[in-house]
>>> print(open('final35.cif').read())   # mmCIF, C-alpha atoms, pLDDT in the B column; chains and numbers go by the auth columns
data_my_file
#
loop_
_atom_site.group_PDB
_atom_site.id
_atom_site.type_symbol
_atom_site.label_atom_id
_atom_site.label_comp_id
_atom_site.label_asym_id
_atom_site.label_seq_id
_atom_site.Cartn_x
_atom_site.Cartn_y
_atom_site.Cartn_z
_atom_site.B_iso_or_equiv
_atom_site.auth_seq_id
_atom_site.auth_asym_id
ATOM 1 C CA MET A 1 27.428 0.394 17.186 83.00 1 A
ATOM 2 C CA THR A 2 24.533 -0.650 14.963 94.00 2 A
ATOM 3 C CA VAL A 3 21.067 -0.831 16.451 97.00 3 A
ATOM 4 C CA ARG A 4 18.425 -2.854 14.643 97.00 4 A
ATOM 5 C CA LYS A 5 14.700 -3.162 15.250 97.00 5 A
ATOM 6 C CA LEU A 6 11.902 -5.608 14.666 98.00 6 A
ATOM 7 C CA ARG A 7 8.780 -3.518 14.134 97.00 7 A
ATOM 8 C CA MET A 8 5.185 -4.434 13.446 97.00 8 A
ATOM 9 C CA MET A 9 2.329 -2.413 11.948 97.00 9 A
ATOM 10 C CA CYS A 10 -0.573 -2.178 14.364 95.00 10 A
ATOM 11 C CA ALA A 11 -3.359 0.094 15.584 95.00 11 A
ATOM 12 C CA ALA A 12 -0.776 2.296 17.291 92.00 12 A
ATOM 13 C CA GLY A 13 0.963 2.956 13.963 90.00 13 A
ATOM 14 C CA ASP A 14 3.862 0.647 14.549 92.00 14 A
ATOM 15 C CA GLU A 15 5.212 -1.134 17.556 94.00 15 A
ATOM 16 C CA THR A 16 8.816 -2.092 18.222 96.00 16 A
ATOM 17 C CA LEU A 17 8.826 -5.733 19.228 97.00 17 A
ATOM 18 C CA ALA A 18 12.585 -5.890 19.736 97.00 18 A
ATOM 19 C CA GLU A 19 15.630 -3.676 19.496 97.00 19 A
ATOM 20 C CA TRP A 20 19.215 -4.885 19.646 97.00 20 A
ATOM 21 C CA GLU A 21 22.806 -3.902 19.092 97.00 21 A
ATOM 22 C CA THR A 22 24.189 -6.238 16.494 95.00 22 A
ATOM 23 C CA GLU A 23 27.652 -6.436 18.055 94.00 23 A
ATOM 24 C CA THR A 24 26.660 -7.046 21.640 95.00 24 A
ATOM 25 C CA ILE A 25 23.394 -8.979 21.640 96.00 25 A
ATOM 26 C CA SER A 26 23.571 -12.418 23.207 96.00 26 A
ATOM 27 C CA PRO A 27 22.803 -15.495 21.111 96.00 27 A
ATOM 28 C CA GLN A 28 20.062 -16.351 23.597 97.00 28 A
ATOM 29 C CA ARG A 29 18.264 -13.012 23.154 97.00 29 A
ATOM 30 C CA LEU A 30 18.708 -13.248 19.406 96.00 30 A
ATOM 31 C CA ALA A 31 17.092 -16.680 19.451 97.00 31 A
ATOM 32 C CA GLU A 32 14.139 -15.236 21.394 97.00 32 A
ATOM 33 C CA ILE A 33 13.658 -12.497 18.811 98.00 33 A
ATOM 34 C CA GLU A 34 13.853 -15.048 16.020 98.00 34 A
ATOM 35 C CA VAL A 35 11.147 -17.129 17.698 98.00 35 A
ATOM 36 C CA GLU A 36 8.911 -14.045 17.822 97.00 36 A
ATOM 37 C CA PHE A 37 9.656 -13.332 14.160 98.00 37 A
ATOM 38 C CA GLN A 38 8.755 -16.880 13.149 98.00 38 A
ATOM 39 C CA SER A 39 5.591 -16.779 15.206 97.00 39 A
ATOM 40 C CA LYS A 40 4.453 -13.678 13.307 97.00 40 A
ATOM 41 C CA MET A 41 5.333 -15.282 9.980 97.00 41 A
ATOM 42 C CA ARG A 42 3.174 -18.265 10.845 97.00 42 A
ATOM 43 C CA GLN A 43 0.316 -15.835 11.519 96.00 43 A
ATOM 44 C CA GLY A 44 0.566 -14.614 7.939 96.00 44 A
ATOM 45 C CA TYR A 45 2.635 -11.478 8.405 97.00 45 A
ATOM 46 C CA PHE A 46 4.935 -10.315 5.613 97.00 46 A
ATOM 47 C CA ALA A 47 8.462 -9.423 6.659 98.00 47 A
ATOM 48 C CA VAL A 48 10.327 -6.636 4.910 98.00 48 A
ATOM 49 C CA ASN A 49 13.972 -5.736 5.272 98.00 49 A
ATOM 50 C CA ILE A 50 13.753 -1.937 5.407 97.00 50 A
ATOM 51 C CA THR A 51 17.432 -1.332 6.160 96.00 51 A
ATOM 52 C CA ASP A 52 18.674 1.718 4.257 94.00 52 A
ATOM 53 C CA GLY A 53 15.714 1.682 1.865 93.00 53 A
ATOM 54 C CA ARG A 54 16.208 -1.911 0.705 95.00 54 A
ATOM 55 C CA ASN A 55 12.499 -2.660 1.148 97.00 55 A
ATOM 56 C CA THR A 56 12.758 -6.323 0.192 97.00 56 A
ATOM 57 C CA PHE A 57 10.593 -9.185 1.396 98.00 57 A
ATOM 58 C CA ILE A 58 12.394 -11.723 3.555 98.00 58 A
ATOM 59 C CA SER A 59 11.234 -15.074 4.804 96.00 59 A
ATOM 60 C CA LYS A 60 14.026 -15.725 7.310 97.00 60 A
ATOM 61 C CA PHE A 61 15.077 -13.652 10.272 97.00 61 A
ATOM 62 C CA ASP A 62 18.132 -11.498 9.613 97.00 62 A
ATOM 63 C CA SER A 63 19.742 -10.108 12.756 96.00 63 A
ATOM 64 C CA LYS A 64 21.595 -7.472 10.736 96.00 64 A
ATOM 65 C CA ALA A 65 18.426 -6.009 9.252 97.00 65 A
ATOM 66 C CA ASP A 66 15.766 -3.547 10.345 98.00 66 A
ATOM 67 C CA ILE A 67 12.628 -5.588 9.850 98.00 67 A
ATOM 68 C CA LEU A 68 9.061 -4.415 9.410 98.00 68 A
ATOM 69 C CA LEU A 69 6.213 -6.871 9.823 98.00 69 A
ATOM 70 C CA ILE A 70 3.087 -6.202 7.762 98.00 70 A
ATOM 71 C CA PRO A 71 -0.126 -7.933 8.828 97.00 71 A
ATOM 72 C CA ALA A 72 -1.873 -10.227 6.375 96.00 72 A
ATOM 73 C CA VAL A 73 -3.847 -8.360 3.720 96.00 73 A
ATOM 74 C CA ARG A 74 -7.166 -8.968 2.000 95.00 74 A
ATOM 75 C CA GLY A 75 -9.351 -7.345 -0.605 93.00 75 A
ATOM 76 C CA GLY A 76 -11.464 -4.467 0.684 82.00 76 A
ATOM 77 C CA MET B 1 7.715 21.979 35.957 55.00 1 B
ATOM 78 C CA GLY B 2 8.859 20.901 32.514 64.00 2 B
ATOM 79 C CA VAL B 3 6.712 20.998 29.411 70.00 3 B
ATOM 80 C CA GLN B 4 5.136 17.632 28.678 75.00 4 B
ATOM 81 C CA PRO B 5 5.995 16.415 25.173 72.00 5 B
ATOM 82 C CA GLU B 6 2.972 16.023 22.941 73.00 6 B
ATOM 83 C CA PRO B 7 1.935 12.388 22.612 76.00 7 B
ATOM 84 C CA VAL B 8 2.704 10.952 19.201 88.00 8 B
ATOM 85 C CA THR B 9 -0.528 9.846 17.578 94.00 9 B
ATOM 86 C CA PRO B 10 -0.784 6.512 15.734 95.00 10 B
ATOM 87 C CA GLU B 11 -1.450 8.483 12.542 95.00 11 B
ATOM 88 C CA ALA B 12 1.742 10.518 13.010 95.00 12 B
ATOM 89 C CA LYS B 13 3.769 7.382 13.743 94.00 13 B
ATOM 90 C CA SER B 14 2.500 5.601 10.664 96.00 14 B
ATOM 91 C CA LYS B 15 3.148 8.690 8.531 96.00 15 B
ATOM 92 C CA GLN B 16 6.718 8.740 9.840 96.00 16 B
ATOM 93 C CA LEU B 17 7.097 5.070 8.955 96.00 17 B
ATOM 94 C CA LEU B 18 5.774 5.670 5.444 97.00 18 B
ATOM 95 C CA CYS B 19 8.239 8.547 5.011 97.00 19 B
ATOM 96 C CA GLU B 20 11.091 6.240 6.066 96.00 20 B
ATOM 97 C CA ILE B 21 10.095 3.674 3.471 96.00 21 B
ATOM 98 C CA LEU B 22 9.278 5.725 0.392 97.00 22 B
ATOM 99 C CA PRO B 23 11.972 6.465 -2.189 96.00 23 B
ATOM 100 C CA LEU B 24 12.788 10.162 -2.600 96.00 24 B
ATOM 101 C CA ARG B 25 10.575 10.915 -5.604 96.00 25 B
ATOM 102 C CA ALA B 26 7.508 9.247 -4.148 97.00 26 B
ATOM 103 C CA LEU B 27 8.229 10.864 -0.793 97.00 27 B
ATOM 104 C CA GLN B 28 8.274 14.340 -2.307 98.00 28 B
ATOM 105 C CA GLU B 29 5.007 13.677 -4.103 98.00 29 B
ATOM 106 C CA PHE B 30 3.444 12.272 -0.951 98.00 30 B
ATOM 107 C CA LEU B 31 4.465 15.260 1.174 97.00 31 B
ATOM 108 C CA GLU B 32 3.016 17.645 -1.395 97.00 32 B
ATOM 109 C CA LYS B 33 -0.165 15.837 -2.339 96.00 33 B
ATOM 110 C CA ASP B 34 -0.872 13.163 0.283 96.00 34 B
ATOM 111 C CA TYR B 35 -0.667 10.500 -2.424 97.00 35 B
ATOM 112 C CA PHE B 36 2.143 9.041 -4.496 98.00 36 B
ATOM 113 C CA HIS B 37 2.654 6.986 -7.630 98.00 37 B
ATOM 114 C CA HIS B 38 4.368 3.658 -8.007 98.00 38 B
ATOM 115 C CA VAL B 39 5.272 2.447 -11.482 97.00 39 B
ATOM 116 C CA GLY B 40 4.954 -1.326 -11.776 97.00 40 B
ATOM 117 C CA LYS B 41 5.066 -3.814 -14.630 96.00 41 B
ATOM 118 C CA LEU B 42 1.293 -4.242 -14.731 96.00 42 B
ATOM 119 C CA GLY B 43 0.413 -0.584 -14.384 96.00 43 B
ATOM 120 C CA THR B 44 1.015 2.662 -12.598 98.00 44 B
ATOM 121 C CA TYR B 45 -0.566 2.952 -9.184 98.00 45 B
ATOM 122 C CA ARG B 46 -1.705 6.099 -7.457 98.00 46 B
ATOM 123 C CA ILE B 47 -1.767 5.198 -3.793 98.00 47 B
ATOM 124 C CA CYS B 48 -4.064 7.537 -1.895 96.00 48 B
ATOM 125 C CA ARG B 49 -4.776 7.956 1.760 95.00 49 B
ATOM 126 C CA ASN B 50 -8.545 8.173 1.778 92.00 50 B
ATOM 127 C CA SER B 51 -9.592 6.458 -1.412 94.00 51 B
ATOM 128 C CA GLN B 52 -8.970 3.335 -3.407 95.00 52 B
ATOM 129 C CA THR B 53 -5.719 2.924 -5.263 97.00 53 B
ATOM 130 C CA GLU B 54 -6.092 4.068 -8.859 97.00 54 B
ATOM 131 C CA ILE B 55 -4.503 1.857 -11.482 97.00 55 B
ATOM 132 C CA TYR B 56 -3.455 3.417 -14.780 97.00 56 B
ATOM 133 C CA ARG B 57 -2.543 1.641 -17.986 95.00 57 B
ATOM 134 C CA LYS B 58 -1.371 3.459 -21.109 93.00 58 B
ATOM 135 C CA GLY B 59 -2.055 6.742 -19.351 91.00 59 B
ATOM 136 C CA ARG B 60 -5.719 5.981 -18.719 93.00 60 B
ATOM 137 C CA ARG B 61 -7.378 4.972 -15.518 95.00 61 B
ATOM 138 C CA ALA B 62 -8.069 1.282 -15.969 95.00 62 B
ATOM 139 C CA ALA B 63 -9.154 0.121 -12.534 96.00 63 B
ATOM 140 C CA ALA B 64 -9.262 0.753 -8.839 97.00 64 B
ATOM 141 C CA GLY B 65 -7.715 -1.574 -6.297 96.00 65 B
ATOM 142 C CA CYS B 66 -8.828 -2.027 -2.719 96.00 66 B
ATOM 143 C CA LEU B 67 -6.582 -3.717 -0.218 96.00 67 B
ATOM 144 C CA GLN B 68 -6.962 -3.803 3.559 96.00 68 B
ATOM 145 C CA LEU B 69 -4.774 -4.884 6.402 96.00 69 B
ATOM 146 C CA SER B 70 -6.249 -7.726 8.439 95.00 70 B
ATOM 147 C CA VAL B 71 -5.792 -5.677 11.616 95.00 71 B
ATOM 148 C CA PHE B 72 -6.958 -2.160 12.336 95.00 72 B
ATOM 149 C CA ALA B 73 -4.153 0.271 11.521 95.00 73 B
ATOM 150 C CA PRO B 74 -3.828 3.910 10.441 96.00 74 B
ATOM 151 C CA SER B 75 -4.340 4.583 6.742 95.00 75 B
ATOM 152 C CA TYR B 76 -0.667 5.465 6.210 97.00 76 B
ATOM 153 C CA ASP B 77 0.223 1.903 7.239 97.00 77 B
ATOM 154 C CA ARG B 78 -2.063 0.597 4.496 97.00 78 B
ATOM 155 C CA MET B 79 -0.333 2.914 2.011 97.00 79 B
ATOM 156 C CA ALA B 80 3.077 1.629 3.134 98.00 80 B
ATOM 157 C CA ALA B 81 1.890 -1.981 2.913 97.00 81 B
ATOM 158 C CA GLU B 82 0.530 -1.442 -0.597 98.00 82 B
ATOM 159 C CA TYR B 83 3.764 0.164 -1.731 98.00 83 B
ATOM 160 C CA LEU B 84 5.915 -2.608 -0.251 98.00 84 B
ATOM 161 C CA ILE B 85 3.752 -5.361 -1.739 98.00 85 B
ATOM 162 C CA LEU B 86 3.656 -3.707 -5.154 98.00 86 B
ATOM 163 C CA SER B 87 7.394 -3.129 -5.233 97.00 87 B
ATOM 164 C CA ASN B 88 8.187 -6.697 -4.165 97.00 88 B
ATOM 165 C CA ASN B 89 5.459 -8.843 -5.659 97.00 89 B
ATOM 166 C CA GLU B 90 3.023 -7.010 -7.899 97.00 90 B
ATOM 167 C CA GLN B 91 1.154 -10.217 -8.721 97.00 91 B
ATOM 168 C CA LEU B 92 0.465 -10.729 -5.032 97.00 92 B
ATOM 169 C CA TYR B 93 -1.269 -7.356 -4.976 97.00 93 B
ATOM 170 C CA TRP B 94 -3.475 -8.402 -7.894 97.00 94 B
ATOM 171 C CA ASN B 95 -4.258 -11.692 -6.191 97.00 95 B
ATOM 172 C CA LYS B 96 -5.154 -10.145 -2.856 96.00 96 B
ATOM 173 C CA ALA B 97 -6.763 -6.809 -3.713 97.00 97 B
ATOM 174 C CA ASN B 98 -10.283 -6.380 -4.986 96.00 98 B
ATOM 175 C CA ILE B 99 -9.888 -4.887 -8.438 96.00 99 B
ATOM 176 C CA PHE B 100 -12.736 -2.830 -9.868 96.00 100 B
ATOM 177 C CA PRO B 101 -12.444 -2.084 -13.596 94.00 101 B
ATOM 178 C CA ALA B 102 -12.960 1.588 -14.386 90.00 102 B
ATOM 179 C CA ARG B 103 -16.119 2.574 -16.217 77.00 103 B
ATOM 180 C CA ARG B 104 -15.559 3.982 -19.668 67.00 104 B
ATOM 181 C CA ALA B 105 -16.113 7.709 -19.865 63.00 105 B
ATOM 182 C CA ILE B 106 -18.441 7.054 -22.823 67.00 106 B
ATOM 183 C CA ASP B 107 -20.716 4.052 -22.587 69.00 107 B
ATOM 184 C CA PHE B 108 -20.980 2.764 -26.145 76.00 108 B
ATOM 185 C CA ARG B 109 -24.413 1.248 -25.518 79.00 109 B
ATOM 186 C CA ILE B 110 -25.762 4.706 -24.687 81.00 110 B
ATOM 187 C CA VAL B 111 -24.109 6.175 -27.784 84.00 111 B
ATOM 188 C CA ALA B 112 -25.637 3.403 -29.943 88.00 112 B
ATOM 189 C CA ALA B 113 -29.121 3.964 -28.446 89.00 113 B
ATOM 190 C CA ALA B 114 -28.795 7.723 -29.032 89.00 114 B
ATOM 191 C CA ALA B 115 -27.738 7.162 -32.642 90.00 115 B
ATOM 192 C CA LEU B 116 -30.692 4.816 -33.196 91.00 116 B
ATOM 193 C CA ASP B 117 -33.082 7.387 -31.678 92.00 117 B
ATOM 194 C CA PHE B 118 -31.656 10.045 -33.989 92.00 118 B
ATOM 195 C CA VAL B 119 -32.090 7.863 -37.082 91.00 119 B
ATOM 196 C CA LEU B 120 -35.693 7.051 -36.111 92.00 120 B
ATOM 197 C CA LEU B 121 -36.434 10.740 -35.535 92.00 121 B
ATOM 198 C CA LEU B 122 -34.903 11.625 -38.886 91.00 122 B
ATOM 199 C CA ASN B 123 -36.972 8.888 -40.514 90.00 123 B
ATOM 200 C CA LEU B 124 -40.131 10.252 -38.936 90.00 124 B
ATOM 201 C CA ALA B 125 -39.350 13.791 -40.017 90.00 125 B
ATOM 202 C CA LEU B 126 -38.606 12.744 -43.590 88.00 126 B
ATOM 203 C CA ALA B 127 -41.822 10.674 -43.764 87.00 127 B
ATOM 204 C CA ARG B 128 -43.861 13.711 -42.671 82.00 128 B
ATOM 205 C CA TRP B 129 -42.261 16.055 -45.183 76.00 129 B
ATOM 206 C CA TRP B 130 -42.511 13.804 -48.198 70.00 130 B
#
>>> encode(input="final35.cif", output="structure tokens")
Amino acid sequence: MTVRKLRMMCAAGDETLAEWETETISPQRLAEIEVEFQSKMRQGYFAVNITDGRNTFISKFDSKADILLIPAVRGG
Amino acid sequence: MGVQPEPVTPEAKSKQLLCEILPLRALQEFLEKDYFHHVGKLGTYRICRNSQTEIYRKGRRAAAGCLQLSVFAPSYDRMAAEYLILSNNEQLYWNKANIFPARRAIDFRIVAAAALDFVLLLNLALARWW
């Protein structure tokens, strides 16, 4: 059983927005998570596939990946 | 009554996340020194917790980069974000971060002024003696 997470950096360190078992999740729930993912992307978040140290940017939701959302960045 | 588990602080959570992300070599360096290096195409970056990222070129410190997350987050999250951006799209880092060129250790204008002062002093001394 593989469990994947959609996580987001925030004031609390990171927050798990969704967690699912890839084999058993319903298409409906998966669609809900994808909507949340896309909403964050529209807000300027970067999405990174952090599964097994891949650490690659992604632009589309991947239900088989552990995803980390990084807030928009700016010069300090 | 059972012992209450200690609450996990945001700082501890973000440190854990950074440790999950970093490759082994950088992780070891981070655990020892609280900073780590990332070697990119445009330079080598020393990503620190409490100071600006130092950018090295040809072994010399060439600049400092300052990047912030648009939301408040623990400093380890910023370190993780910098590492992930640099390892995926280094140019994006250069576009987004404020880059401050490093000052030269020796300012050549000061050296030139000092040399001129010395020549004038020598001139004065020679004029007095002869």
>>> resolve_selection(input="final35.cif", expression="the PyMOL selection byres ((chain A and resi 32-35) around 12)", output="PDB file with C-alpha atoms, keeping the file's coordinate frame")
ATOM      1  CA  ARG A   4      18.425  -2.854  14.643  1.00 97.00           C
ATOM      2  CA  LYS A   5      14.700  -3.162  15.250  1.00 97.00           C
ATOM      3  CA  LEU A   6      11.902  -5.608  14.666  1.00 98.00           C
ATOM      4  CA  ARG A   7       8.780  -3.518  14.134  1.00 97.00           C
ATOM      5  CA  THR A  16       8.816  -2.092  18.222  1.00 96.00           C
ATOM      6  CA  LEU A  17       8.826  -5.733  19.228  1.00 97.00           C
ATOM      7  CA  ALA A  18      12.585  -5.890  19.736  1.00 97.00           C
ATOM      8  CA  GLU A  19      15.630  -3.676  19.496  1.00 97.00           C
ATOM      9  CA  TRP A  20      19.215  -4.885  19.646  1.00 97.00           C
ATOM     10  CA  ILE A  25      23.394  -8.979  21.640  1.00 96.00           C
ATOM     11  CA  SER A  26      23.571 -12.418  23.207  1.00 96.00           C
ATOM     12  CA  PRO A  27      22.803 -15.495  21.111  1.00 96.00           C
ATOM     13  CA  GLN A  28      20.062 -16.351  23.597  1.00 97.00           C
ATOM     14  CA  ARG A  29      18.264 -13.012  23.154  1.00 97.00           C
ATOM     15  CA  LEU A  30      18.708 -13.248  19.406  1.00 96.00           C
ATOM     16  CA  ALA A  31      17.092 -16.680  19.451  1.00 97.00           C
ATOM     17  CA  GLU A  36       8.911 -14.045  17.822  1.00 97.00           C
ATOM     18  CA  PHE A  37       9.656 -13.332  14.160  1.00 98.00           C
ATOM     19  CA  GLN A  38       8.755 -16.880  13.149  1.00 98.00           C
ATOM     20  CA  SER A  39       5.591 -16.779  15.206  1.00 97.00           C
ATOM     21  CA  LYS A  40       4.453 -13.678  13.307  1.00 97.00           C
ATOM     22  CA  MET A  41       5.333 -15.282   9.980  1.00 97.00           C
ATOM     23  CA  ARG A  42       3.174 -18.265  10.845  1.00 97.00           C
ATOM     24  CA  SER A  59      11.234 -15.074   4.804  1.00 96.00           C
ATOM     25  CA  LYS A  60      14.026 -15.725   7.310  1.00 97.00           C
ATOM     26  CA  PHE A  61      15.077 -13.652  10.272  1.00 97.00           C
ATOM     27  CA  ASP A  62      18.132 -11.498   9.613  1.00 97.00           C
ATOM     28  CA  SER A  63      19.742 -10.108  12.756  1.00 96.00           C
ATOM     29  CA  ILE A  67      12.628  -5.588   9.850  1.00 98.00           C
TER      30      ILE A  67
END
>>> closest_atom_pairs(input="final35.cif", of="chain A", to="chain B", cutoff="6 Å", atoms="all atoms listed in the file", output="tab-separated table")
residue	atom	partner	partner_atom	distance
A:Cys10	CA	B:Ala73	CA	5.2
A:Ala11	CA	B:Ala73	CA	4.1
A:Ala12	CA	B:Pro10	CA	4.5
A:Gly13	CA	B:Pro10	CA	4.3
A:Ala72	CA	B:Ser70	CA	5.4
A:Val73	CA	B:Leu69	CA	4.5
A:Arg74	CA	B:Lys96	CA	5.4
A:Gly75	CA	B:Ala97	CA	4.1
A:Gly76	CA	B:Cys66	CA	4.9
>>> atom_distance(input="final35.cif", atom1="atom CA of A:Tyr45", atom2="atom CA of A:Pro71")
4.5 Å
>>> residues_around(input="final35.cif", residues="B:Tyr35", least_positions_apart="3", cutoff="9 Å", atoms="only C-alpha atoms", output="PyMOL selection string")
chain B and resi 26+29-32+46-49+79
>>> atom_distance(input="final35.cif", atom1="atom CA of A:Ile50", atom2="atom CA of A:Leu69")
10.0 Å
>>> atom_distance(input="final35.cif", atom1="atom CA of B:Ile55", atom2="atom CA of B:Ala102")
8.9 Å
>>> resolve_selection(input="final35.cif", expression="the PyMOL selection byres ((chain A and resi 2) around 6)", output="number ranges by chain")
A: 1, 3, 21-22
>>> axis_aligned_box(input="final35.cif", around="stretch 66-72 of chain A", padding_each_side="5 Å", output="AutoDock Vina command-line options")
--center_x 6.9 --center_y -6.9 --center_z 8.4 --size_x 27.6 --size_y 16.7 --size_z 14.0
>>> build_atoms(input="final35.cif", residues="stretch 35-55 of chain A", atoms="N, CA and C atoms", output="PDB file, keeping the file's coordinate frame")
ATOM      1  N   VAL A  35      12.373 -16.368  17.412  1.00 98.00           N
ATOM      2  CA  VAL A  35      11.147 -17.129  17.698  1.00 98.00           C
ATOM      3  C   VAL A  35       9.927 -16.224  17.501  1.00 98.00           C
ATOM      4  N   GLU A  36      10.021 -14.998  17.975  1.00 97.00           N
ATOM      5  CA  GLU A  36       8.911 -14.045  17.822  1.00 97.00           C
ATOM      6  C   GLU A  36       8.664 -13.755  16.339  1.00 97.00           C
ATOM      7  N   PHE A  37       9.747 -13.582  15.605  1.00 98.00           N
ATOM      8  CA  PHE A  37       9.656 -13.332  14.160  1.00 98.00           C
ATOM      9  C   PHE A  37       8.931 -14.494  13.472  1.00 98.00           C
ATOM     10  N   GLN A  38       9.360 -15.709  13.803  1.00 98.00           N
ATOM     11  CA  GLN A  38       8.755 -16.880  13.149  1.00 98.00           C
ATOM     12  C   GLN A  38       7.292 -17.048  13.528  1.00 98.00           C
ATOM     13  N   SER A  39       6.982 -16.693  14.758  1.00 97.00           N
ATOM     14  CA  SER A  39       5.591 -16.779  15.206  1.00 97.00           C
ATOM     15  C   SER A  39       4.709 -15.841  14.367  1.00 97.00           C
ATOM     16  N   LYS A  40       5.202 -14.640  14.121  1.00 97.00           N
ATOM     17  CA  LYS A  40       4.453 -13.678  13.307  1.00 97.00           C
ATOM     18  C   LYS A  40       4.335 -14.170  11.859  1.00 97.00           C
ATOM     19  N   MET A  41       5.371 -14.774  11.357  1.00 97.00           N
ATOM     20  CA  MET A  41       5.333 -15.282   9.980  1.00 97.00           C
ATOM     21  C   MET A  41       4.279 -16.385   9.845  1.00 97.00           C
ATOM     22  N   ARG A  42       4.182 -17.199  10.875  1.00 97.00           N
ATOM     23  CA  ARG A  42       3.174 -18.265  10.845  1.00 97.00           C
ATOM     24  C   ARG A  42       1.769 -17.686  10.883  1.00 97.00           C
ATOM     25  N   GLN A  43       1.633 -16.493  11.464  1.00 96.00           N
ATOM     26  CA  GLN A  43       0.316 -15.835  11.519  1.00 96.00           C
ATOM     27  C   GLN A  43      -0.035 -15.130  10.210  1.00 96.00           C
ATOM     28  N   GLY A  44       0.864 -15.192   9.252  1.00 96.00           N
ATOM     29  CA  GLY A  44       0.566 -14.614   7.939  1.00 96.00           C
ATOM     30  C   GLY A  44       1.154 -13.236   7.700  1.00 96.00           C
ATOM     31  N   TYR A  45       1.993 -12.787   8.602  1.00 97.00           N
ATOM     32  CA  TYR A  45       2.635 -11.478   8.405  1.00 97.00           C
ATOM     33  C   TYR A  45       3.655 -11.566   7.267  1.00 97.00           C
ATOM     34  N   PHE A  46       3.851 -10.448   6.584  1.00 97.00           N
ATOM     35  CA  PHE A  46       4.935 -10.315   5.613  1.00 97.00           C
ATOM     36  C   PHE A  46       6.093  -9.620   6.324  1.00 97.00           C
ATOM     37  N   ALA A  47       7.300 -10.070   6.051  1.00 98.00           N
ATOM     38  CA  ALA A  47       8.462  -9.423   6.659  1.00 98.00           C
ATOM     39  C   ALA A  47       9.236  -8.689   5.575  1.00 98.00           C
ATOM     40  N   VAL A  48       9.595  -7.449   5.878  1.00 98.00           N
ATOM     41  CA  VAL A  48      10.327  -6.636   4.910  1.00 98.00           C
ATOM     42  C   VAL A  48      11.611  -6.124   5.554  1.00 98.00           C
ATOM     43  N   ASN A  49      12.701  -6.310   4.839  1.00 98.00           N
ATOM     44  CA  ASN A  49      13.972  -5.736   5.272  1.00 98.00           C
ATOM     45  C   ASN A  49      13.980  -4.272   4.814  1.00 98.00           C
ATOM     46  N   ILE A  50      13.843  -3.365   5.773  1.00 97.00           N
ATOM     47  CA  ILE A  50      13.753  -1.937   5.407  1.00 97.00           C
ATOM     48  C   ILE A  50      15.072  -1.204   5.695  1.00 97.00           C
ATOM     49  N   THR A  51      16.137  -1.963   5.882  1.00 96.00           N
ATOM     50  CA  THR A  51      17.432  -1.332   6.160  1.00 96.00           C
ATOM     51  C   THR A  51      17.863  -0.458   4.986  1.00 96.00           C
ATOM     52  N   ASP A  52      18.147   0.784   5.262  1.00 94.00           N
ATOM     53  CA  ASP A  52      18.674   1.718   4.257  1.00 94.00           C
ATOM     54  C   ASP A  52      17.873   1.682   2.948  1.00 94.00           C
ATOM     55  N   GLY A  53      16.571   1.629   3.044  1.00 93.00           N
ATOM     56  CA  GLY A  53      15.714   1.682   1.865  1.00 93.00           C
ATOM     57  C   GLY A  53      15.738   0.436   0.989  1.00 93.00           C
ATOM     58  N   ARG A  54      16.192  -0.688   1.538  1.00 95.00           N
ATOM     59  CA  ARG A  54      16.208  -1.911   0.705  1.00 95.00           C
ATOM     60  C   ARG A  54      14.787  -2.340   0.354  1.00 95.00           C
ATOM     61  N   ASN A  55      13.924  -2.361   1.360  1.00 97.00           N
ATOM     62  CA  ASN A  55      12.499  -2.660   1.148  1.00 97.00           C
ATOM     63  C   ASN A  55      12.263  -3.979   0.419  1.00 97.00           C
TER      64      ASN A  55
END
